[in-house]
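Asks: The structure follows.
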Amino acid sequence: MKKRLYVGLDVHAETIAAAVAEGGRDGEVRSLGTIPNRLEAIRELVRKLPQQGDLRACFEAGPTGYCLYWQLTQLEVECEVIAPSLIPKKASERIKTDRRDAEKLARCYRAGNLTAVAVPSPEQEALRDLVRAREAAKKDQLKARHRLSKFLLCHGQKPEGIKSWTQKFLDWIKTHVHFPHKAQEVALLNYLHEVEHVAQRIQHLEQAIDEAVREAPAELRVVIEALQALRDAAQTTAATIVSESGTLSRFANPRQLMGYSGLVASEHSSGGRVQRGPITKSGNAHLRRVLVESAWSYHHRPNVTGFLLRRQKSLALGEEVKAIAWKAQHRLNKRYKTLAAKGKNKNQMVTAIARELLGFVWAIATHTEKRQAAAAC
C-alpha cells in the first residue's frame, strides 16, 4: 500500500516553492525546490511524486486565485485551498522564506492544523468577477463625480433648482458652464467625459449581470431569485450575496454565516470580565457592504409596494419565501426602533440590522437550496 504524501505549495505569480511531508508523525519533511508557475512544470511535478505515494496538495488563498486548484484537480490530485489568516504561527518565528513557507504548509497539512476555504465553481467565480467589476465601476463613478463637482464649486458654478447628476444637470453643464481660458474648458470636458463614460460602463455591466443570472446554473439562479423577496435586495444585491457566499447551506446555522461576513462583535474576555468591541471585519468585505446597504431600508415601516411588489410578482416566488421576507421586515423594523430608543447611533443600528438580516438570508437560501435538491431528485 502506498504511503500518503502531503504537498505544500507556496504560490507566487512566476514561481511555486514546493515541499512534501511523508505520512506519519515522524515522516520526513523535505523541500522539492522551486518550479515555474506554468502548467507544464506543475504536470511534471505531479508526474514524479505519485511514484512515491498518494498525493494531497494545499496552497494558500491569495492573488493568484484558484487556477492552480483547477489545474491540480484536472490532474486528479486532491487539493485544498487554505485560509492564510488561520495558519498557526509560532511567536519565535523570525525567518520567512518561500522554502520554509512550503515546508510549514506541508507539515501543518499533515497534522490537520489547516482550515480550507470553500472553492467557488467556475460559474460562481465568473458571476463574482462580473459583480466586482460593477462595484469597481461604481467607485470610479463616485470619484469622477467628486472631481467634476469640486471643479465646478471651485469656480463658483452652482445650478439653481436642479438636482445633481440628473440628465438635466449634465445638460446644464454642457450649455451654461463656460470659462474664459481654453485650459479650463479642456479640463471641464475631460471631467464631464469621465462621468459619462463611467455611467456607460455601469449600464453595460448591469446588462451583463442580468444576462449572466439568466444563464447561470439553476442552483444559483433560484437562490438569487428567492433572495429578491427581501426588501432592498434587487438582482445585483442578490447576485452579490450568492456569488460571494456560495452555497449557503454549507453553513450549519446563521451564526456561522454572520461570522463569515465579519459583522459579529470582537471580544476579549477573561475570567469574569467580558469585553466586546467593534465588529471583526474579518470576513468578506463585499458581502458586508451590500448587507449594510440593504439594512438601511428597514427603518421604514413594513410594506410590500412598488419595486418590491413587482419583483415578487414577476419572479413568482413561493409563499414560504415571501413569508420569511415579510417576517424579516417586521422583526428588523422593530429591532431598529428598539435600538433607536436606547440611544444607539445610526451606524451601530444599521450594522446590527445587517447582522440579523443575514439570518433571514440564510433561511431563504437554505429553504430554496433544499427544495431545488428535492426537485432534482
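Note on naming: chains are A, B, ... as they come in the C-alpha cells, residues start from 1 per chain, ligands start from 1 in the order shown.
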Would you please extract all strand (DSSP E) residues from segment 163-355 of chain A, as assigned by DSSP on the backbone, and give them as a list in words?
Replies: Ala265, Ser266, Glu267, Arg276, Gly277, Pro278 and Ile279 of chain A
Asks: Excluding Glu60 of chain A and its own-chain neighbours fewer than 3 positions away, which residues fall within 8 Å of it when counting only C-alpha atoms? Please give them as an NGL selection string.
Replies: :A and (9-11 or 81-84)
Asks: Restricting it to N, CA and C atoms, dump the selection as a PDB file, in the first residue's frame.
Replies:
ATOM      1  N   LEU A   9       2.460  24.002  -1.149  1.00  0.00           N
ATOM      2  CA  LEU A   9       2.866  24.835  -2.283  1.00  0.00           C
ATOM      3  C   LEU A   9       2.771  26.304  -1.896  1.00  0.00           C
ATOM      4  N   ASP A  10       3.894  27.000  -1.973  1.00  0.00           N
ATOM      5  CA  ASP A  10       3.911  28.449  -1.734  1.00  0.00           C
ATOM      6  C   ASP A  10       3.882  29.122  -3.097  1.00  0.00           C
ATOM      7  N   VAL A  11       2.736  29.665  -3.470  1.00  0.00           N
ATOM      8  CA  VAL A  11       2.465  30.084  -4.842  1.00  0.00           C
ATOM      9  C   VAL A  11       2.701  31.582  -5.012  1.00  0.00           C
ATOM     10  N   VAL A  81      -7.522  24.603  -0.726  1.00  0.00           N
ATOM     11  CA  VAL A  81      -7.038  25.979  -0.640  1.00  0.00           C
ATOM     12  C   VAL A  81      -7.189  26.425   0.809  1.00  0.00           C
ATOM     13  N   ILE A  82      -6.116  26.954   1.384  1.00  0.00           N
ATOM     14  CA  ILE A  82      -6.039  27.202   2.814  1.00  0.00           C
ATOM     15  C   ILE A  82      -6.254  28.680   3.131  1.00  0.00           C
ATOM     16  N   ALA A  83      -6.962  28.949   4.229  1.00  0.00           N
ATOM     17  CA  ALA A  83      -7.153  30.321   4.705  1.00  0.00           C
ATOM     18  C   ALA A  83      -5.839  30.819   5.326  1.00  0.00           C
ATOM     19  N   PRO A  84      -5.198  31.841   4.754  1.00  0.00           N
ATOM     20  CA  PRO A  84      -3.890  32.281   5.265  1.00  0.00           C
ATOM     21  C   PRO A  84      -3.933  32.773   6.702  1.00  0.00           C
TER      22      PRO A  84
END
Asks: Run DSSP on the backbone and tell me which residues of segment 82-308 of chain A come out as alpha helix (DSSP H); list them as a PyMOL selection string.
Replies: chain A and resi 98-111+122-154+167-176+182-215+218-227+235-245+254-261+285-295+306-308
Asks: Using only C-alpha atoms, which residues sit within 9 Å of Ser31 of chain A once same-chain residues fewer than 5 positions away are excluded, as an mmCIF file with N, CA and C atoms, in the first residue's frame?
Replies:
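What landed in selection10.cif:
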data_model
loop_
_atom_site.group_PDB
_atom_site.id
_atom_site.type_symbol
_atom_site.label_atom_id
_atom_site.label_comp_id
_atom_site.auth_asym_id
_atom_site.auth_seq_id
_atom_site.Cartn_x
_atom_site.Cartn_y
_atom_site.Cartn_z
ATOM 1 N N ALA A 17 7.110 27.391 -4.814
ATOM 2 C CA ALA A 17 8.008 26.619 -3.958
ATOM 3 C C ALA A 17 7.232 25.434 -3.419
ATOM 4 N N ALA A 18 7.789 24.230 -3.572
ATOM 5 C CA ALA A 18 7.080 23.012 -3.184
ATOM 6 C C ALA A 18 7.859 22.263 -2.107
ATOM 7 N N ALA A 19 7.115 21.625 -1.211
ATOM 8 C CA ALA A 19 7.702 20.777 -0.172
ATOM 9 C C ALA A 19 6.751 19.624 0.061
ATOM 10 N N VAL A 20 7.278 18.513 0.564
ATOM 11 C CA VAL A 20 6.459 17.333 0.785
ATOM 12 C C VAL A 20 6.723 16.789 2.176
ATOM 13 N N ALA A 21 5.657 16.343 2.838
ATOM 14 C CA ALA A 21 5.749 15.695 4.143
ATOM 15 C C ALA A 21 5.206 14.284 4.003
ATOM 16 N N ARG A 99 10.856 28.605 0.797
ATOM 17 C CA ARG A 99 11.098 27.205 1.143
ATOM 18 C C ARG A 99 10.507 26.868 2.508
ATOM 19 N N ARG A 100 10.743 27.742 3.486
ATOM 20 C CA ARG A 100 10.197 27.499 4.822
ATOM 21 C C ARG A 100 8.672 27.521 4.814
ATOM 22 N N ALA A 102 6.670 26.719 2.343
ATOM 23 C CA ALA A 102 6.175 25.484 1.730
ATOM 24 C C ALA A 102 6.298 24.312 2.696
ATOM 25 N N GLU A 103 7.424 24.222 3.401
ATOM 26 C CA GLU A 103 7.607 23.132 4.367
ATOM 27 C C GLU A 103 6.611 23.247 5.516
#
Asks: Please provide the set of residues having any atom within 9 Å of Ile87 of chain A, restricted to only C-alpha atoms, with same-chain residues fewer than 2 positions apart removed, written as a PyMOL selection string.
Replies: chain A and resi 82-85+89+105+108+113-115
Asks: I want to know what sits within 12 Å of Asp26 of chain A, based on only C-alpha atoms, with residues of the same chain fewer than 3 positions away left out; could you give that as a PyMOL selection string?
Replies: chain A and resi 21-23+29+107+110-111
Asks: Once you have the residues from the selection above, write them out as a JSON list (two decimals), in the first residue's frame, restricted to N, CA and C atoms.
Replies:
[["chain", "number", "residue", "atom", "x", "y", "z"],
["A", 21, "ALA", "N", 5.66, 16.34, 2.84],
["A", 21, "ALA", "CA", 5.75, 15.70, 4.14],
["A", 21, "ALA", "C", 5.21, 14.28, 4.00],
["A", 22, "GLU", "N", 6.01, 13.31, 4.39],
["A", 22, "GLU", "CA", 5.57, 11.92, 4.31],
["A", 22, "GLU", "C", 4.60, 11.64, 5.45],
["A", 23, "GLY", "N", 3.68, 10.70, 5.20],
["A", 23, "GLY", "CA", 2.67, 10.37, 6.19],
["A", 23, "GLY", "C", 3.27, 9.85, 7.48],
["A", 29, "VAL", "N", 10.09, 15.66, 6.22],
["A", 29, "VAL", "CA", 9.60, 16.85, 5.53],
["A", 29, "VAL", "C", 10.77, 17.43, 4.75],
["A", 107, "ARG", "N", 3.86, 20.45, 6.58],
["A", 107, "ARG", "CA", 3.87, 19.89, 7.94],
["A", 107, "ARG", "C", 2.51, 20.10, 8.63],
["A", 110, "ARG", "N", -0.26, 17.91, 7.08],
["A", 110, "ARG", "CA", -0.20, 16.53, 7.56],
["A", 110, "ARG", "C", -0.79, 16.41, 8.96],
["A", 111, "ALA", "N", -0.55, 17.43, 9.80],
["A", 111, "ALA", "CA", -1.05, 17.40, 11.17],
["A", 111, "ALA", "C", -2.53, 17.75, 11.28]]
Asks: Find the residues near segment 372-376 of chain A: any atom within 12 Å, counting only C-alpha atoms, skip ones fewer than 6 places away on the same chain, and give them as an mmCIF file with N, CA and C atoms, in the first residue's frame.
Replies:
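See result_15.cif below for the written result:
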data_model
loop_
_atom_site.group_PDB
_atom_site.id
_atom_site.type_symbol
_atom_site.label_atom_id
_atom_site.label_comp_id
_atom_site.auth_asym_id
_atom_site.auth_seq_id
_atom_site.Cartn_x
_atom_site.Cartn_y
_atom_site.Cartn_z
ATOM 1 N N PRO A 217 -26.310 28.474 -13.672
ATOM 2 C CA PRO A 217 -26.900 27.164 -13.329
ATOM 3 C C PRO A 217 -28.127 27.332 -12.444
ATOM 4 N N ALA A 218 -29.032 26.389 -12.517
ATOM 5 C CA ALA A 218 -30.302 26.505 -11.802
ATOM 6 C C ALA A 218 -30.103 26.659 -10.303
ATOM 7 N N GLU A 219 -29.087 25.981 -9.731
ATOM 8 C CA GLU A 219 -28.897 26.042 -8.284
ATOM 9 C C GLU A 219 -28.487 27.435 -7.820
ATOM 10 N N LEU A 220 -27.840 28.225 -8.693
ATOM 11 C CA LEU A 220 -27.510 29.610 -8.358
ATOM 12 C C LEU A 220 -28.677 30.533 -8.654
ATOM 13 N N ARG A 221 -29.307 30.336 -9.814
ATOM 14 C CA ARG A 221 -30.352 31.252 -10.259
ATOM 15 C C ARG A 221 -31.549 31.257 -9.328
ATOM 16 N N VAL A 222 -31.972 30.101 -8.850
ATOM 17 C CA VAL A 222 -33.170 30.066 -7.996
ATOM 18 C C VAL A 222 -32.928 30.760 -6.661
ATOM 19 N N VAL A 223 -31.708 30.665 -6.134
ATOM 20 C CA VAL A 223 -31.404 31.343 -4.872
ATOM 21 C C VAL A 223 -31.358 32.852 -5.083
ATOM 22 N N ALA A 226 -34.891 33.999 -5.236
ATOM 23 C CA ALA A 226 -35.572 33.920 -3.941
ATOM 24 C C ALA A 226 -35.145 35.061 -3.018
ATOM 25 N N SER A 249 -26.091 26.710 2.367
ATOM 26 C CA SER A 249 -26.386 25.584 3.242
ATOM 27 C C SER A 249 -25.120 24.936 3.787
ATOM 28 N N ALA A 365 -32.195 31.079 1.631
ATOM 29 C CA ALA A 365 -31.287 30.341 0.752
ATOM 30 C C ALA A 365 -31.318 28.844 1.034
ATOM 31 N N THR A 366 -31.259 28.462 2.306
ATOM 32 C CA THR A 366 -31.263 27.026 2.629
ATOM 33 C C THR A 366 -32.592 26.377 2.251
#
Asks: To one decimal place, how far is atom CA of Ile35 of chain A from atom CA of Glu93 of chain A in Å?
Replies: 25.3 Å
